[in-house]
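Visitor: Below you'll find input-v8.cif; it's mmCIF, C-alpha atoms; chains and numbers go by the auth columns.
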```
data_model
loop_
_atom_site.group_PDB
_atom_site.id
_atom_site.type_symbol
_atom_site.label_atom_id
_atom_site.label_comp_id
_atom_site.label_asym_id
_atom_site.label_seq_id
_atom_site.Cartn_x
_atom_site.Cartn_y
_atom_site.Cartn_z
_atom_site.B_iso_or_equiv
_atom_site.auth_seq_id
_atom_site.auth_asym_id
ATOM 1 C CA MET A 1 9.824 -40.526 -30.792 0.00 82 A
ATOM 2 C CA ILE A 2 8.605 -39.316 -27.422 0.00 83 A
ATOM 3 C CA PRO A 3 4.877 -38.751 -27.199 0.00 84 A
ATOM 4 C CA LEU A 4 3.962 -35.152 -26.428 0.00 85 A
ATOM 5 C CA LYS A 5 1.765 -36.429 -23.613 0.00 86 A
ATOM 6 C CA GLN A 6 4.769 -38.092 -21.972 0.00 87 A
ATOM 7 C CA LEU A 7 6.893 -34.951 -22.319 0.00 88 A
ATOM 8 C CA LEU A 8 4.113 -32.891 -20.758 0.00 89 A
ATOM 9 C CA ARG A 9 4.046 -35.354 -17.869 0.00 90 A
ATOM 10 C CA ILE A 10 7.695 -34.707 -17.020 0.00 91 A
ATOM 11 C CA ALA A 11 7.390 -30.936 -17.582 0.00 92 A
ATOM 12 C CA PRO A 12 6.531 -30.179 -13.917 0.00 93 A
ATOM 13 C CA MET A 13 9.622 -32.150 -12.856 0.00 94 A
ATOM 14 C CA LEU A 14 11.801 -30.067 -15.170 0.00 95 A
ATOM 15 C CA ALA A 15 10.174 -26.887 -13.893 0.00 96 A
ATOM 16 C CA GLY A 16 10.932 -27.993 -10.337 0.00 97 A
ATOM 17 C CA LEU A 17 14.544 -28.594 -11.302 0.00 98 A
ATOM 18 C CA ALA A 18 14.694 -25.112 -12.781 0.00 99 A
ATOM 19 C CA LEU A 19 13.232 -23.462 -9.688 0.00 100 A
ATOM 20 C CA GLY A 20 15.498 -25.470 -7.431 0.00 101 A
ATOM 21 C CA THR A 21 18.653 -24.289 -9.108 0.00 102 A
ATOM 22 C CA VAL A 22 17.724 -20.620 -9.240 0.00 103 A
ATOM 23 C CA SER A 23 18.907 -18.811 -6.131 0.00 104 A
ATOM 24 C CA HIS A 24 17.709 -15.454 -4.901 0.00 105 A
ATOM 25 C CA ALA A 25 19.526 -12.547 -6.423 0.00 106 A
ATOM 26 C CA GLN A 26 21.432 -10.283 -4.100 0.00 107 A
ATOM 27 C CA VAL A 27 19.508 -7.177 -3.115 0.00 108 A
ATOM 28 C CA LYS A 28 21.286 -4.035 -4.168 0.00 109 A
ATOM 29 C CA VAL A 29 21.287 -0.320 -3.528 0.00 110 A
ATOM 30 C CA GLY A 30 17.964 1.129 -4.659 0.00 111 A
ATOM 31 C CA ASP A 31 15.954 -2.050 -3.967 0.00 112 A
ATOM 32 C CA LEU A 32 13.234 -2.211 -1.350 0.00 113 A
ATOM 33 C CA PHE A 33 14.367 -4.239 1.646 0.00 114 A
ATOM 34 C CA PRO A 34 12.254 -7.400 2.020 0.00 115 A
ATOM 35 C CA GLU A 35 9.659 -7.619 4.754 0.00 116 A
ATOM 36 C CA VAL A 36 11.099 -9.109 7.920 0.00 117 A
ATOM 37 C CA LYS A 37 8.827 -11.979 8.786 0.00 118 A
ATOM 38 C CA GLY A 38 9.058 -15.650 9.593 0.00 119 A
ATOM 39 C CA PRO A 39 9.465 -17.853 12.626 0.00 120 A
ATOM 40 C CA GLN A 40 11.812 -15.543 14.491 0.00 121 A
ATOM 41 C CA ASP A 41 11.991 -15.666 18.259 0.00 122 A
ATOM 42 C CA THR A 42 11.229 -12.028 18.877 0.00 123 A
ATOM 43 C CA ALA A 43 8.871 -9.559 17.298 0.00 124 A
ATOM 44 C CA ALA A 44 10.809 -7.912 14.497 0.00 125 A
ATOM 45 C CA PRO A 45 10.683 -4.141 14.349 0.00 126 A
ATOM 46 C CA SER A 46 8.972 -2.932 11.212 0.00 127 A
ATOM 47 C CA ILE A 47 11.300 -1.627 8.560 0.00 128 A
ATOM 48 C CA GLY A 48 10.160 1.532 6.873 0.00 129 A
ATOM 49 C CA GLY A 49 9.088 4.773 8.466 0.00 130 A
ATOM 50 C CA ALA A 50 12.440 5.046 10.226 0.00 131 A
ATOM 51 C CA VAL A 51 16.041 5.071 9.129 0.00 132 A
ATOM 52 C CA THR A 52 17.151 1.498 9.784 0.00 133 A
ATOM 53 C CA ILE A 53 20.388 -0.431 9.790 0.00 134 A
ATOM 54 C CA VAL A 54 19.920 -4.144 9.260 0.00 135 A
ATOM 55 C CA ASP A 55 23.052 -6.119 10.086 0.00 136 A
ATOM 56 C CA PHE A 56 23.494 -9.810 9.322 0.00 137 A
ATOM 57 C CA TRP A 57 25.839 -11.492 11.787 0.00 138 A
ATOM 58 C CA ALA A 58 26.775 -14.846 13.282 0.00 139 A
ATOM 59 C CA SER A 59 28.386 -15.890 16.537 0.00 140 A
ATOM 60 C CA TRP A 60 31.166 -17.667 14.600 0.00 141 A
ATOM 61 C CA CYS A 61 32.101 -14.543 12.650 0.00 142 A
ATOM 62 C CA ALA A 62 34.955 -12.581 14.242 0.00 143 A
ATOM 63 C CA PRO A 63 34.315 -9.244 12.452 0.00 144 A
ATOM 64 C CA CYS A 64 30.688 -9.453 13.608 0.00 145 A
ATOM 65 C CA LYS A 65 31.891 -9.461 17.216 0.00 146 A
ATOM 66 C CA ALA A 66 33.977 -6.383 16.509 0.00 147 A
ATOM 67 C CA SER A 67 31.031 -4.593 14.915 0.00 148 A
ATOM 68 C CA PHE A 68 28.607 -4.902 17.845 0.00 149 A
ATOM 69 C CA PRO A 69 30.215 -2.237 20.068 0.00 150 A
ATOM 70 C CA ALA A 70 30.209 0.109 17.053 0.00 151 A
ATOM 71 C CA TYR A 71 26.475 -0.436 16.512 0.00 152 A
ATOM 72 C CA ALA A 72 25.903 0.162 20.214 0.00 153 A
ATOM 73 C CA ARG A 73 27.685 3.525 19.886 0.00 154 A
ATOM 74 C CA LEU A 74 25.616 4.407 16.806 0.00 155 A
ATOM 75 C CA ASN A 75 22.465 3.421 18.652 0.00 156 A
ATOM 76 C CA ALA A 76 23.394 5.612 21.617 0.00 157 A
ATOM 77 C CA ALA A 77 24.083 8.584 19.375 0.00 158 A
ATOM 78 C CA TYR A 78 21.184 8.358 16.916 0.00 159 A
ATOM 79 C CA ALA A 79 18.349 6.238 18.345 0.00 160 A
ATOM 80 C CA SER A 80 16.751 9.336 19.858 0.00 161 A
ATOM 81 C CA LYS A 81 16.925 11.029 16.448 0.00 162 A
ATOM 82 C CA GLY A 82 15.086 8.206 14.683 0.00 163 A
ATOM 83 C CA LEU A 83 17.648 5.499 13.932 0.00 164 A
ATOM 84 C CA SER A 84 16.596 1.878 14.371 0.00 165 A
ATOM 85 C CA ILE A 85 19.105 -0.973 14.356 0.00 166 A
ATOM 86 C CA LEU A 86 18.180 -4.583 13.735 0.00 167 A
ATOM 87 C CA ALA A 87 20.834 -7.282 14.028 0.00 168 A
ATOM 88 C CA VAL A 88 19.808 -10.520 12.330 0.00 169 A
ATOM 89 C CA SER A 89 21.685 -13.661 13.354 0.00 170 A
ATOM 90 C CA VAL A 90 22.176 -16.454 10.832 0.00 171 A
ATOM 91 C CA ASP A 91 23.379 -18.921 13.460 0.00 172 A
ATOM 92 C CA ASP A 92 22.281 -22.532 13.044 0.00 173 A
ATOM 93 C CA ASP A 93 22.696 -23.144 16.760 0.00 174 A
ATOM 94 C CA PRO A 94 20.174 -21.201 18.888 0.00 175 A
ATOM 95 C CA ALA A 95 22.363 -21.786 21.974 0.00 176 A
ATOM 96 C CA ALA A 96 25.345 -20.078 20.313 0.00 177 A
ATOM 97 C CA TYR A 97 23.067 -17.189 19.382 0.00 178 A
ATOM 98 C CA ALA A 98 21.789 -16.904 22.956 0.00 179 A
ATOM 99 C CA ARG A 99 25.339 -16.985 24.383 0.00 180 A
ATOM 100 C CA PHE A 100 26.447 -14.231 22.011 0.00 181 A
ATOM 101 C CA VAL A 101 23.474 -12.017 22.877 0.00 182 A
ATOM 102 C CA ALA A 102 23.987 -12.617 26.603 0.00 183 A
ATOM 103 C CA ARG A 103 27.657 -11.682 26.289 0.00 184 A
ATOM 104 C CA PHE A 104 27.184 -8.459 24.339 0.00 185 A
ATOM 105 C CA SER A 105 23.743 -7.387 25.645 0.00 186 A
ATOM 106 C CA PRO A 106 23.084 -5.270 22.558 0.00 187 A
ATOM 107 C CA PRO A 107 20.938 -2.192 23.227 0.00 188 A
ATOM 108 C CA PHE A 108 19.240 -2.653 19.835 0.00 189 A
ATOM 109 C CA ALA A 109 16.898 -5.271 18.384 0.00 190 A
ATOM 110 C CA VAL A 110 18.338 -8.708 17.635 0.00 191 A
ATOM 111 C CA LEU A 111 16.642 -11.735 16.197 0.00 192 A
ATOM 112 C CA LEU A 112 17.514 -15.200 14.999 0.00 193 A
ATOM 113 C CA ASP A 113 16.750 -15.914 11.367 0.00 194 A
ATOM 114 C CA ARG A 114 15.653 -19.501 11.863 0.00 195 A
ATOM 115 C CA GLY A 115 15.936 -21.526 8.690 0.00 196 A
ATOM 116 C CA HIS A 116 17.788 -18.644 6.999 0.00 197 A
ATOM 117 C CA LEU A 117 14.519 -17.365 5.562 0.00 198 A
ATOM 118 C CA LEU A 118 15.455 -13.687 5.493 0.00 199 A
ATOM 119 C CA VAL A 119 19.121 -14.031 4.605 0.00 200 A
ATOM 120 C CA ARG A 120 18.219 -16.188 1.607 0.00 201 A
ATOM 121 C CA GLN A 121 15.984 -13.417 0.310 0.00 202 A
ATOM 122 C CA VAL A 122 18.695 -10.821 0.798 0.00 203 A
ATOM 123 C CA SER A 123 21.560 -13.139 -0.215 0.00 204 A
ATOM 124 C CA VAL A 124 24.321 -11.336 1.642 0.00 205 A
ATOM 125 C CA PRO A 125 27.660 -11.290 -0.197 0.00 206 A
ATOM 126 C CA THR A 126 29.752 -11.866 2.937 0.00 207 A
ATOM 127 C CA MET A 127 29.545 -11.969 6.716 0.00 208 A
ATOM 128 C CA PRO A 128 28.845 -9.517 8.200 0.00 209 A
ATOM 129 C CA THR A 129 26.889 -7.326 5.805 0.00 210 A
ATOM 130 C CA CYS A 130 24.809 -4.351 6.832 0.00 211 A
ATOM 131 C CA TYR A 131 22.144 -2.494 4.914 0.00 212 A
ATOM 132 C CA VAL A 132 21.386 1.169 5.564 0.00 213 A
ATOM 133 C CA ILE A 133 17.721 1.699 4.743 0.00 214 A
ATOM 134 C CA ASP A 134 15.856 4.959 4.409 0.00 215 A
ATOM 135 C CA ARG A 135 12.403 5.844 5.711 0.00 216 A
ATOM 136 C CA HIS A 136 10.813 4.498 2.541 0.00 217 A
ATOM 137 C CA ARG A 137 12.324 1.007 3.073 0.00 218 A
ATOM 138 C CA ARG A 138 14.752 1.589 0.203 0.00 219 A
ATOM 139 C CA ILE A 139 18.311 0.305 0.563 0.00 220 A
ATOM 140 C CA ARG A 140 20.628 3.279 0.226 0.00 221 A
ATOM 141 C CA PHE A 141 23.986 1.872 1.309 0.00 222 A
ATOM 142 C CA ILE A 142 25.459 -1.599 1.719 0.00 223 A
ATOM 143 C CA HIS A 143 28.553 -2.485 3.714 0.00 224 A
ATOM 144 C CA ALA A 144 29.916 -5.937 2.921 0.00 225 A
ATOM 145 C CA GLY A 145 32.283 -6.822 5.746 0.00 226 A
ATOM 146 C CA TYR A 146 33.244 -4.731 8.741 0.00 227 A
ATOM 147 C CA ARG A 147 36.432 -2.683 8.498 0.00 228 A
ATOM 148 C CA GLY A 148 36.617 -0.981 11.874 0.00 229 A
ATOM 149 C CA ALA A 149 36.929 2.793 11.955 0.00 230 A
ATOM 150 C CA GLU A 150 36.486 3.058 8.191 0.00 231 A
ATOM 151 C CA THR A 151 33.057 1.422 8.346 0.00 232 A
ATOM 152 C CA ASP A 152 32.115 3.334 11.523 0.00 233 A
ATOM 153 C CA LYS A 153 32.873 6.661 9.866 0.00 234 A
ATOM 154 C CA ALA A 154 30.949 5.791 6.703 0.00 235 A
ATOM 155 C CA LEU A 155 27.935 4.542 8.678 0.00 236 A
ATOM 156 C CA GLN A 156 27.835 7.710 10.767 0.00 237 A
ATOM 157 C CA LYS A 157 27.926 9.880 7.654 0.00 238 A
ATOM 158 C CA GLU A 158 25.207 7.835 5.939 0.00 239 A
ATOM 159 C CA VAL A 159 22.922 7.773 8.961 0.00 240 A
ATOM 160 C CA GLU A 160 23.224 11.537 9.352 0.00 241 A
ATOM 161 C CA LEU A 161 22.395 11.988 5.669 0.00 242 A
ATOM 162 C CA LEU A 162 19.310 9.770 5.834 0.00 243 A
ATOM 163 C CA LEU A 163 18.098 11.316 9.086 0.00 244 A
ATOM 164 C CA SER A 164 18.325 14.754 7.494 0.00 245 A
ATOM 165 C CA GLU A 165 16.021 13.656 4.669 0.00 246 A
ATOM 166 C CA THR A 166 12.284 14.044 5.097 0.00 247 A
ATOM 167 C CA MET B 1 -3.833 -38.771 -34.015 0.00 242 B
ATOM 168 C CA LYS B 2 -1.238 -38.495 -31.290 0.00 243 B
ATOM 169 C CA ALA B 3 1.208 -35.590 -31.533 0.00 244 B
ATOM 170 C CA LYS B 4 4.809 -36.808 -31.295 0.00 245 B
ATOM 171 C CA ILE B 5 8.141 -35.045 -30.860 0.00 246 B
ATOM 172 C CA PRO B 6 11.339 -36.537 -32.269 0.00 247 B
ATOM 173 C CA THR B 7 13.566 -37.985 -29.528 0.00 248 B
ATOM 174 C CA ALA B 8 16.551 -35.887 -30.616 0.00 249 B
ATOM 175 C CA VAL B 9 14.529 -32.669 -30.361 0.00 250 B
ATOM 176 C CA ALA B 10 13.263 -33.668 -26.930 0.00 251 B
ATOM 177 C CA LEU B 11 16.769 -34.470 -25.723 0.00 252 B
ATOM 178 C CA VAL B 12 18.134 -31.170 -27.025 0.00 253 B
ATOM 179 C CA ALA B 13 15.264 -29.314 -25.362 0.00 254 B
ATOM 180 C CA VAL B 14 15.864 -31.047 -22.024 0.00 255 B
ATOM 181 C CA THR B 15 19.622 -30.444 -22.221 0.00 256 B
ATOM 182 C CA LEU B 16 19.176 -26.787 -23.097 0.00 257 B
ATOM 183 C CA GLY B 17 16.555 -26.414 -20.388 0.00 258 B
ATOM 184 C CA THR B 18 18.897 -27.921 -17.814 0.00 259 B
ATOM 185 C CA LEU B 19 21.773 -25.699 -18.863 0.00 260 B
ATOM 186 C CA CYS B 20 19.593 -22.603 -18.813 0.00 261 B
ATOM 187 C CA THR B 21 18.361 -23.339 -15.304 0.00 262 B
ATOM 188 C CA GLY B 22 21.758 -22.546 -13.882 0.00 263 B
ATOM 189 C CA CYS B 23 23.692 -25.798 -14.014 0.00 264 B
ATOM 190 C CA SER B 24 26.162 -24.162 -16.387 0.00 265 B
ATOM 191 C CA THR B 25 26.338 -20.730 -14.798 0.00 266 B
ATOM 192 C CA ALA B 26 25.989 -21.545 -11.111 0.00 267 B
ATOM 193 C CA PRO B 27 29.105 -20.605 -9.150 0.00 268 B
ATOM 194 C CA ALA B 28 31.365 -23.514 -8.302 0.00 269 B
ATOM 195 C CA VAL B 29 31.233 -22.627 -4.622 0.00 270 B
ATOM 196 C CA ARG B 30 27.793 -23.472 -3.305 0.00 271 B
ATOM 197 C CA VAL B 31 28.447 -22.710 0.383 0.00 272 B
ATOM 198 C CA HIS B 32 26.809 -19.376 1.035 0.00 273 B
ATOM 199 C CA PRO B 33 28.421 -16.883 3.420 0.00 274 B
ATOM 200 C CA TRP B 34 25.718 -17.555 6.022 0.00 275 B
ATOM 201 C CA GLU B 35 26.318 -21.314 5.893 0.00 276 B
ATOM 202 C CA ARG B 36 29.970 -21.220 6.927 0.00 277 B
ATOM 203 C CA GLY B 37 29.533 -21.792 10.637 0.00 278 B
ATOM 204 C CA LEU B 38 31.127 -25.234 10.562 0.00 279 B
ATOM 205 C CA LEU B 39 33.931 -24.051 8.294 0.00 280 B
ATOM 206 C CA ALA B 40 34.657 -21.241 10.750 0.00 281 B
ATOM 207 C CA ASP B 41 35.135 -23.665 13.620 0.00 282 B
ATOM 208 C CA SER B 42 38.605 -23.530 15.137 0.00 283 B
ATOM 209 C CA ILE B 43 39.041 -27.226 14.343 0.00 284 B
ATOM 210 C CA MET B 44 39.279 -26.157 10.680 0.00 285 B
ATOM 211 C CA ASP B 45 42.283 -23.926 11.403 0.00 286 B
ATOM 212 C CA PRO B 46 45.475 -25.829 10.494 0.00 287 B
ATOM 213 C CA ASN B 47 47.515 -23.623 12.833 0.00 288 B
ATOM 214 C CA ARG B 48 45.225 -23.741 15.858 0.00 289 B
ATOM 215 C CA ASP B 49 47.908 -25.432 17.994 0.00 290 B
ATOM 216 C CA ALA B 50 50.889 -23.090 18.041 0.00 291 B
ATOM 217 C CA LEU B 51 53.122 -25.463 20.030 0.00 292 B
ATOM 218 C CA GLY B 52 52.283 -28.409 17.767 0.00 293 B
ATOM 219 C CA SER B 53 52.918 -26.312 14.656 0.00 294 B
ATOM 220 C CA ALA B 54 56.290 -25.171 16.006 0.00 295 B
ATOM 221 C CA MET B 55 57.236 -28.782 16.713 0.00 296 B
ATOM 222 C CA MET B 56 56.251 -29.908 13.221 0.00 297 B
ATOM 223 C CA ASP B 57 58.198 -26.989 11.755 0.00 298 B
ATOM 224 C CA HIS B 58 61.244 -28.101 13.707 0.00 299 B
ATOM 225 C CA VAL B 59 60.844 -31.684 12.540 0.00 300 B
ATOM 226 C CA THR B 60 60.481 -30.777 8.862 0.00 301 B
ATOM 227 C CA SER B 61 63.292 -28.250 9.138 0.00 302 B
ATOM 228 C CA SER B 62 65.757 -30.653 10.775 0.00 303 B
ATOM 229 C CA ARG B 63 64.859 -33.774 8.790 0.00 304 B
ATOM 230 C CA GLU B 64 63.946 -32.377 5.426 0.00 305 B
ATOM 231 C CA ALA B 65 65.642 -28.961 5.457 0.00 306 B
ATOM 232 C CA ALA B 66 62.224 -27.536 4.642 0.00 307 B
ATOM 233 C CA SER B 67 60.433 -24.652 6.253 0.00 308 B
ATOM 234 C CA GLY B 68 57.525 -22.304 5.646 0.00 309 B
ATOM 235 C CA GLY B 69 54.474 -23.064 3.574 0.00 310 B
ATOM 236 C CA ARG B 70 52.118 -22.210 6.382 0.00 311 B
ATOM 237 C CA GLY B 71 50.701 -19.091 4.839 0.00 312 B
ATOM 238 C CA VAL B 72 47.025 -19.838 5.454 0.00 313 B
ATOM 239 C CA GLY B 73 45.406 -17.556 7.992 0.00 314 B
ATOM 240 C CA GLY B 74 42.136 -18.032 9.832 0.00 315 B
ATOM 241 C CA ALA B 75 39.497 -20.679 9.438 0.00 316 B
ATOM 242 C CA GLY B 76 36.970 -21.068 6.675 0.00 317 B
ATOM 243 C CA CYS B 77 34.314 -18.500 7.376 0.00 318 B
ATOM 244 C CA GLY B 78 35.697 -16.185 4.713 0.00 319 B
ATOM 245 C CA CYS B 79 34.662 -13.187 6.780 0.00 320 B
ATOM 246 C CA ASN B 80 35.871 -9.936 5.230 0.00 321 B
#
```
Output the file's structure as structure tokens, nothing else.
Guide:
Amino acid sequence: MIPLKQLLRIAPMLAGLALGTVSHAQVKVGDLFPEVKGPQDTAAPSIGGAVTIVDFWASWCAPCKASFPAYARLNAAYASKGLSILAVSVDDDPAAYARFVARFSPPFAVLLDRGHLLVRQVSVPTMPTCYVIDRHRRIRFIHAGYRGAETDKALQKEVELLLSET
Amino acid sequence: MKAKIPTAVALVAVTLGTLCTGCSTAPAVRVHPWERGLLADSIMDPNRDALGSAMMDHVTSSREAASGGRGVGGAGCGCN
């Protein structure tokens, strides 16, 4: 027989085990995008109030490299109409992140998600993944992976749709 | 009087609790997409040295009459 008192003593340990094994669920279409906060190196633009694309990328991810020029084109075409793009790096190595940013000089906001705080909350299904968010901070479209012209076309259509909404 | 729980009941409760916390349903692959930086390194690509691969192909082909079996593309980032 195990005394109830003893079982109650190990209960917090079991609870800790439970919490430790539960991972964040993936955010999905219709969810509110989490607040962007944490020890990032630059001030993160606020999400909500503007149509926003949040892209998760890494310097070691080849499709991410291919997607940056496409986001630059989107930014050039729609930033003046109210589109905001935020590219969140999940790099472990800040130097690799800095080299990538220096090479591509993105005309939109980039930040390093130190400690993977944001990406853990979002739990991206693959790299890269981008979230198209409406003015009310609600995720309307998700693109897992970057598939060149196909993704570009879809993003353009979605951004135009969200910009047309009040 | 001290309240006591039978050992068997306690063990079953702990086992069930452990299983319900995700040990049974957690995916076998624990490396998240954002943690694959090291796996994506070119050193993880078995075909990163084209000349070396061609030489090994020649060796296996001439000595063992074997060829092919190099159908793995890319490194381990699993991108796209």
Visitor: Smallest atom-to-atom distance to chain A: which of B:Ala281, B:Ala291, B:Ala307, B:Leu252, using all atoms listed in the file?
Guide: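 Nearest candidate to chain A out of B:Ala281, B:Ala291, B:Ala307, B:Leu252: B:Ala281.
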Visitor: Given all atoms listed in the file as the basis, pick out the residue of A:Ala179, A:Ala131, A:Leu244, A:Cys145 nearest to chain B.
Guide: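 Between A:Ala179, A:Ala131, A:Leu244, A:Cys145, the residue approaching chain B most closely is A:Cys145.
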Visitor: Just say which residues the PyMOL selection byres ((chain A and resi 108) around 7) picks in this file, as JSON, numbers by chain.
Guide: {"A": [106, 107, 109, 112, 203, 204]}
Visitor: To one decimal in Å, tell me the separation between atom CA of A:Val171 and atom CA of A:Asp194.
Guide: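 Atom-to-atom, atom CA of A:Val171 to atom CA of A:Asp194, that is 5.5 Å.
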Visitor: Might you pull out every residue within 7 Å of stretch 214-218 of chain A, with only C-alpha atoms counted and same-chain residues fewer than 6 positions away left off, and present them as a compact mmCIF listing (two decimals) with C-alpha atoms, in the frame of the given file?
Guide:
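result_5.txt written:
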```
# COMPACT_ATOMS: atom_id res chain seq x y z
CA LEU A 113 13.23 -2.21 -1.35
CA PHE A 114 14.37 -4.24 1.65
CA ILE A 128 11.30 -1.63 8.56
CA GLY A 129 10.16 1.53 6.87
CA GLY A 130 9.09 4.77 8.47
CA ALA A 131 12.44 5.05 10.23
CA VAL A 132 16.04 5.07 9.13
CA THR A 133 17.15 1.50 9.78
CA ILE A 134 20.39 -0.43 9.79
CA LEU A 243 19.31 9.77 5.83
```
